[in-house]
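A.B. asks: I have a structure I would like to understand better, so I am pasting it below and will then ask my questions one at a time.
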Amino acid sequence: MTSKINVRPARTADVKAIQAMRQELEGSKVLLGHELVSLYEAVPEFLVAVDESGQVIGAGALHVMWEDLAEVRSMVVRENLRGTGVGHAVLEALLAKAESVGIKRVFCLTFETEFFGKHGFKEISDVPVDEVTFEQMVRSHDDGVAEFLDLARVKQNTLGNTRMLKTL
């Protein structure tokens, strides 16, 4: 575990640090690329981990998808601090945020199945919503919702990723 980690809501001033951590993973296709403007638009969804000096060392977002369903997105930790508890701190804070707004199930699309598995996520192969909810969700223009619904239009984005779900 790294020294003191504080997890807090992201600020606009954190976006460039989030983008810098994402760049290596985007290049290796572990994370989908996002334009800087998209990261600014998503600031309210992000939590960041900061070290004692206030430097952003990790980040993740929680995107509400439905009444009881949200997605953990864009989990990233500074490369030299991976495996030190930063990701755990961010994920636990995101799950607490989910519970605080009434979310009962949290989805992720990931290559990091071992990490998410340690936090209670289970691999899924189906779409765990009823037909009426599916019909409503399919109207979303959000690629994350399309990934959750396993729609063909996003298959090129999800090759090799594992769809996982945790019930809170």
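Just so we're on the same page: first chain in the structure tokens is A, next is B, and so on; residues restart at 1 for each chain, and ligands are numbered from 1 in the order they show up.
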Which polymer residues have any atom within 10 Å of an atom of region 30-38 of chain A, counting only C-alpha atoms, with same-chain residues fewer than 3 positions away left out, as a list in words?
C.D. replies: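 Using only C-alpha atoms, the neighbours found are Val15, Lys16, Ile18, Gln19, Arg22, Gln23, Glu24, Leu25, Glu26, Gly27, Glu41, Ala42, Val43, Arg73, Ser74, Met75, Val76, Leu109, Thr110, Phe111, Glu112, Asn157, Thr158, Gly160 and Asn161 of chain A.
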A.B. asks: Go ahead and save the picked residues with N, CA, C and O atoms, as an mmCIF file, in the first residue's frame.
C.D. replies:
```cif
data_model
loop_
_atom_site.group_PDB
_atom_site.id
_atom_site.type_symbol
_atom_site.label_atom_id
_atom_site.label_comp_id
_atom_site.auth_asym_id
_atom_site.auth_seq_id
_atom_site.Cartn_x
_atom_site.Cartn_y
_atom_site.Cartn_z
ATOM 1 N N VAL A 15 -8.433 16.829 -14.852
ATOM 2 C CA VAL A 15 -8.677 16.140 -16.118
ATOM 3 C C VAL A 15 -7.396 15.848 -16.886
ATOM 4 O O VAL A 15 -7.223 14.743 -17.414
ATOM 5 N N LYS A 16 -6.482 16.771 -16.950
ATOM 6 C CA LYS A 16 -5.246 16.520 -17.709
ATOM 7 C C LYS A 16 -4.413 15.417 -17.061
ATOM 8 O O LYS A 16 -3.770 14.629 -17.761
ATOM 9 N N ILE A 18 -5.749 12.881 -15.399
ATOM 10 C CA ILE A 18 -6.490 11.662 -15.741
ATOM 11 C C ILE A 18 -6.140 11.252 -17.167
ATOM 12 O O ILE A 18 -5.846 10.082 -17.442
ATOM 13 N N GLN A 19 -6.150 12.203 -18.070
ATOM 14 C CA GLN A 19 -5.824 11.921 -19.464
ATOM 15 C C GLN A 19 -4.405 11.355 -19.600
ATOM 16 O O GLN A 19 -4.183 10.390 -20.336
ATOM 17 N N ARG A 22 -4.313 7.766 -18.666
ATOM 18 C CA ARG A 22 -5.057 6.952 -19.631
ATOM 19 C C ARG A 22 -4.282 6.699 -20.918
ATOM 20 O O ARG A 22 -4.491 5.670 -21.562
ATOM 21 N N GLN A 23 -3.408 7.606 -21.310
ATOM 22 C CA GLN A 23 -2.804 7.555 -22.642
ATOM 23 C C GLN A 23 -2.090 6.242 -22.953
ATOM 24 O O GLN A 23 -2.277 5.687 -24.031
ATOM 25 N N GLU A 24 -1.308 5.734 -22.043
ATOM 26 C CA GLU A 24 -0.611 4.468 -22.284
ATOM 27 C C GLU A 24 -1.602 3.329 -22.493
ATOM 28 O O GLU A 24 -1.437 2.494 -23.375
ATOM 29 N N LEU A 25 -2.643 3.296 -21.681
ATOM 30 C CA LEU A 25 -3.632 2.225 -21.781
ATOM 31 C C LEU A 25 -4.486 2.353 -23.031
ATOM 32 O O LEU A 25 -4.915 1.348 -23.600
ATOM 33 N N GLU A 26 -4.739 3.585 -23.454
ATOM 34 C CA GLU A 26 -5.477 3.790 -24.703
ATOM 35 C C GLU A 26 -4.650 3.279 -25.874
ATOM 36 O O GLU A 26 -5.176 2.637 -26.776
ATOM 37 N N GLY A 27 -3.347 3.551 -25.860
ATOM 38 C CA GLY A 27 -2.466 3.106 -26.933
ATOM 39 C C GLY A 27 -2.379 1.602 -27.045
ATOM 40 O O GLY A 27 -2.218 1.052 -28.123
ATOM 41 N N GLU A 41 -16.521 16.685 -19.804
ATOM 42 C CA GLU A 41 -17.966 16.482 -19.670
ATOM 43 C C GLU A 41 -18.294 15.454 -18.587
ATOM 44 O O GLU A 41 -19.343 15.523 -17.954
ATOM 45 N N ALA A 42 -17.389 14.510 -18.376
ATOM 46 C CA ALA A 42 -17.631 13.426 -17.416
ATOM 47 C C ALA A 42 -17.093 13.723 -16.020
ATOM 48 O O ALA A 42 -17.188 12.867 -15.137
ATOM 49 N N VAL A 43 -16.561 14.907 -15.776
ATOM 50 C CA VAL A 43 -15.978 15.219 -14.464
ATOM 51 C C VAL A 43 -16.897 14.841 -13.299
ATOM 52 O O VAL A 43 -16.436 14.236 -12.321
ATOM 53 N N ARG A 73 -16.317 2.887 -14.964
ATOM 54 C CA ARG A 73 -15.621 3.185 -16.216
ATOM 55 C C ARG A 73 -14.267 3.813 -15.930
ATOM 56 O O ARG A 73 -14.069 4.452 -14.902
ATOM 57 N N SER A 74 -13.400 3.678 -16.903
ATOM 58 C CA SER A 74 -12.152 4.449 -16.937
ATOM 59 C C SER A 74 -11.297 4.320 -15.682
ATOM 60 O O SER A 74 -10.663 5.273 -15.261
ATOM 61 N N MET A 75 -11.272 3.124 -15.091
ATOM 62 C CA MET A 75 -10.401 2.898 -13.930
ATOM 63 C C MET A 75 -8.953 2.941 -14.402
ATOM 64 O O MET A 75 -8.578 2.233 -15.338
ATOM 65 N N VAL A 76 -8.155 3.772 -13.749
ATOM 66 C CA VAL A 76 -6.760 3.906 -14.130
ATOM 67 C C VAL A 76 -5.941 4.303 -12.911
ATOM 68 O O VAL A 76 -6.416 5.035 -12.042
ATOM 69 N N LEU A 109 -16.711 -3.508 -17.953
ATOM 70 C CA LEU A 109 -16.194 -4.189 -19.125
ATOM 71 C C LEU A 109 -14.683 -4.073 -19.005
ATOM 72 O O LEU A 109 -14.152 -2.961 -19.013
ATOM 73 N N THR A 110 -13.996 -5.209 -18.851
ATOM 74 C CA THR A 110 -12.599 -5.122 -18.423
ATOM 75 C C THR A 110 -11.731 -6.254 -18.945
ATOM 76 O O THR A 110 -12.220 -7.342 -19.259
ATOM 77 N N PHE A 111 -10.441 -5.971 -18.994
ATOM 78 C CA PHE A 111 -9.432 -7.010 -19.166
ATOM 79 C C PHE A 111 -8.907 -7.444 -17.798
ATOM 80 O O PHE A 111 -8.256 -8.467 -17.680
ATOM 81 N N GLU A 112 -9.160 -6.650 -16.777
ATOM 82 C CA GLU A 112 -8.621 -6.880 -15.418
ATOM 83 C C GLU A 112 -9.585 -7.732 -14.589
ATOM 84 O O GLU A 112 -10.064 -7.324 -13.528
ATOM 85 N N ASN A 157 -15.303 -2.525 -30.152
ATOM 86 C CA ASN A 157 -14.735 -1.914 -28.948
ATOM 87 C C ASN A 157 -14.530 -2.915 -27.821
ATOM 88 O O ASN A 157 -13.827 -2.625 -26.861
ATOM 89 N N THR A 158 -15.180 -4.063 -27.900
ATOM 90 C CA THR A 158 -15.215 -4.958 -26.748
ATOM 91 C C THR A 158 -14.469 -6.267 -26.962
ATOM 92 O O THR A 158 -14.475 -7.112 -26.086
ATOM 93 N N GLY A 160 -12.232 -9.124 -26.647
ATOM 94 C CA GLY A 160 -11.268 -9.510 -25.633
ATOM 95 C C GLY A 160 -11.631 -9.068 -24.223
ATOM 96 O O GLY A 160 -11.092 -9.587 -23.262
ATOM 97 N N ASN A 161 -12.521 -8.101 -24.098
ATOM 98 C CA ASN A 161 -12.941 -7.650 -22.768
ATOM 99 C C ASN A 161 -13.937 -8.636 -22.169
ATOM 100 O O ASN A 161 -14.616 -9.365 -22.886
#
```
A.B. asks: Can you pull out every residue within 10 Å of region 134-151 of chain A, counting only C-alpha atoms, but drop anything in the same chain fewer than 3 positions away, and send it as a ChimeraX atom specification?
C.D. replies: /A:63-66,70-73,107-109,125-131,154-155,157-158,163-165
A.B. asks: Between A:Leu81, A:Val7, A:Ala17, A:Leu69, which has the minimum distance to Leu94 (chain A) (counting only C-alpha atoms)?
C.D. replies: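 Among the listed residues, A:Val7 lies closest to Leu94 (chain A).
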A.B. asks: How would you write, as a count of residues only, the set of residues in region 51-125 of chain A that DSSP gives as alpha helix (DSSP H)?
C.D. replies: 21
A.B. asks: Nearest residue to Tyr40 (chain A) out of A:Glu52, A:Glu67, A:Asp14, A:Glu114, using only C-alpha atoms?
C.D. replies: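 Using only C-alpha atoms, the shortest distance to Tyr40 (chain A) belongs to A:Asp14.
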A.B. asks: Mind checking DSSP for region 23-128 of chain A and telling me the strand (DSSP E) residues as a compact mmCIF listing (two decimals) with N, CA, C and O atoms, in the first residue's frame?
C.D. replies:
```txt
# COMPACT_ATOMS: atom_id res chain seq x y z
N PHE A 46 -16.44 11.21 -12.16
CA PHE A 46 -15.12 10.74 -11.74
C PHE A 46 -14.84 10.97 -10.27
O PHE A 46 -15.21 12.00 -9.69
N LEU A 47 -14.12 10.01 -9.69
CA LEU A 47 -13.45 10.17 -8.41
C LEU A 47 -11.96 10.03 -8.71
O LEU A 47 -11.58 9.29 -9.63
N VAL A 48 -11.14 10.74 -7.95
CA VAL A 48 -9.70 10.61 -8.13
C VAL A 48 -9.06 10.24 -6.80
O VAL A 48 -9.54 10.62 -5.73
N ALA A 49 -7.96 9.49 -6.90
CA ALA A 49 -7.12 9.20 -5.74
C ALA A 49 -5.96 10.17 -5.82
O ALA A 49 -5.36 10.35 -6.88
N VAL A 50 -5.67 10.81 -4.69
CA VAL A 50 -4.54 11.74 -4.63
C VAL A 50 -3.61 11.30 -3.50
O VAL A 50 -4.05 10.74 -2.49
N VAL A 56 -2.67 13.59 -8.47
CA VAL A 56 -3.63 12.56 -8.88
C VAL A 56 -2.85 11.30 -9.25
O VAL A 56 -1.96 11.34 -10.10
N ILE A 57 -3.18 10.19 -8.58
CA ILE A 57 -2.47 8.93 -8.80
C ILE A 57 -3.39 7.81 -9.28
O ILE A 57 -2.94 6.71 -9.58
N GLY A 58 -4.69 8.09 -9.34
CA GLY A 58 -5.65 7.11 -9.80
C GLY A 58 -6.99 7.78 -10.05
O GLY A 58 -7.23 8.88 -9.54
N ALA A 59 -7.83 7.12 -10.83
CA ALA A 59 -9.14 7.69 -11.14
C ALA A 59 -10.08 6.59 -11.59
O ALA A 59 -9.65 5.52 -12.03
N GLY A 60 -11.34 6.88 -11.51
CA GLY A 60 -12.38 6.00 -12.02
C GLY A 60 -13.68 6.76 -12.06
O GLY A 60 -13.86 7.75 -11.35
N ALA A 61 -14.60 6.29 -12.90
CA ALA A 61 -15.88 6.97 -13.05
C ALA A 61 -17.02 5.99 -12.79
O ALA A 61 -16.88 4.78 -12.99
N LEU A 62 -18.13 6.53 -12.34
CA LEU A 62 -19.36 5.77 -12.14
C LEU A 62 -20.42 6.40 -13.01
O LEU A 62 -20.77 7.57 -12.83
N HIS A 63 -20.92 5.64 -13.98
CA HIS A 63 -21.93 6.13 -14.91
C HIS A 63 -23.23 5.39 -14.63
O HIS A 63 -23.31 4.17 -14.78
N VAL A 64 -24.25 6.12 -14.20
CA VAL A 64 -25.56 5.52 -13.94
C VAL A 64 -26.20 5.17 -15.28
O VAL A 64 -26.27 6.01 -16.19
N MET A 65 -26.66 3.92 -15.39
CA MET A 65 -27.23 3.42 -16.63
C MET A 65 -28.74 3.22 -16.54
O MET A 65 -29.45 3.30 -17.54
N TRP A 66 -29.21 2.94 -15.33
CA TRP A 66 -30.64 2.66 -15.14
C TRP A 66 -30.95 2.82 -13.66
O TRP A 66 -30.06 3.09 -12.86
N LEU A 69 -28.80 0.31 -11.83
CA LEU A 69 -27.64 -0.20 -12.54
C LEU A 69 -26.69 0.94 -12.91
O LEU A 69 -27.12 1.98 -13.42
N ALA A 70 -25.39 0.72 -12.65
CA ALA A 70 -24.37 1.69 -13.04
C ALA A 70 -23.16 0.94 -13.57
O ALA A 70 -23.02 -0.27 -13.35
N GLU A 71 -22.29 1.67 -14.26
CA GLU A 71 -21.07 1.08 -14.79
C GLU A 71 -19.86 1.78 -14.19
O GLU A 71 -19.82 3.01 -14.11
N VAL A 72 -18.88 0.99 -13.77
CA VAL A 72 -17.57 1.54 -13.40
C VAL A 72 -16.81 1.67 -14.71
O VAL A 72 -16.67 0.69 -15.46
N ARG A 73 -16.32 2.89 -14.96
CA ARG A 73 -15.62 3.18 -16.22
C ARG A 73 -14.27 3.81 -15.93
O ARG A 73 -14.07 4.45 -14.90
N SER A 74 -13.40 3.68 -16.90
CA SER A 74 -12.15 4.45 -16.94
C SER A 74 -11.30 4.32 -15.68
O SER A 74 -10.66 5.27 -15.26
N MET A 75 -11.27 3.12 -15.09
CA MET A 75 -10.40 2.90 -13.93
C MET A 75 -8.95 2.94 -14.40
O MET A 75 -8.58 2.23 -15.34
N VAL A 76 -8.16 3.77 -13.75
CA VAL A 76 -6.76 3.91 -14.13
C VAL A 76 -5.94 4.30 -12.91
O VAL A 76 -6.42 5.03 -12.04
N VAL A 77 -4.73 3.76 -12.83
CA VAL A 77 -3.79 4.07 -11.75
C VAL A 77 -2.46 4.40 -12.39
O VAL A 77 -2.06 3.76 -13.38
N ARG A 105 -26.73 -2.80 -8.68
CA ARG A 105 -25.85 -3.64 -9.50
C ARG A 105 -24.86 -2.73 -10.22
O ARG A 105 -25.23 -1.68 -10.74
N VAL A 106 -23.60 -3.18 -10.27
CA VAL A 106 -22.55 -2.41 -10.93
C VAL A 106 -21.89 -3.29 -11.99
O VAL A 106 -21.47 -4.41 -11.70
N PHE A 107 -21.80 -2.76 -13.18
CA PHE A 107 -21.27 -3.44 -14.34
C PHE A 107 -19.88 -2.90 -14.66
O PHE A 107 -19.58 -1.73 -14.39
N CYS A 108 -19.03 -3.72 -15.24
CA CYS A 108 -17.78 -3.24 -15.83
C CYS A 108 -17.44 -4.10 -17.03
O CYS A 108 -17.85 -5.25 -17.12
N LEU A 109 -16.71 -3.51 -17.95
CA LEU A 109 -16.19 -4.19 -19.12
C LEU A 109 -14.68 -4.07 -19.00
O LEU A 109 -14.15 -2.96 -19.01
N THR A 110 -14.00 -5.21 -18.85
CA THR A 110 -12.60 -5.12 -18.42
C THR A 110 -11.73 -6.25 -18.94
O THR A 110 -12.22 -7.34 -19.26
N LYS A 122 -18.60 -10.72 -10.94
CA LYS A 122 -18.70 -12.04 -11.57
C LYS A 122 -18.88 -11.86 -13.07
O LYS A 122 -19.59 -10.96 -13.52
N GLU A 123 -18.24 -12.74 -13.82
CA GLU A 123 -18.38 -12.70 -15.28
C GLU A 123 -19.82 -13.00 -15.66
O GLU A 123 -20.47 -13.87 -15.07
```
A.B. asks: My list of candidates is A:Gly87, A:Pro44, A:Gly102, A:Gly120. Which is closest to Arg11 (chain A) when distances are computed with only C-alpha atoms?
C.D. replies: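 Closest candidate: A:Pro44.
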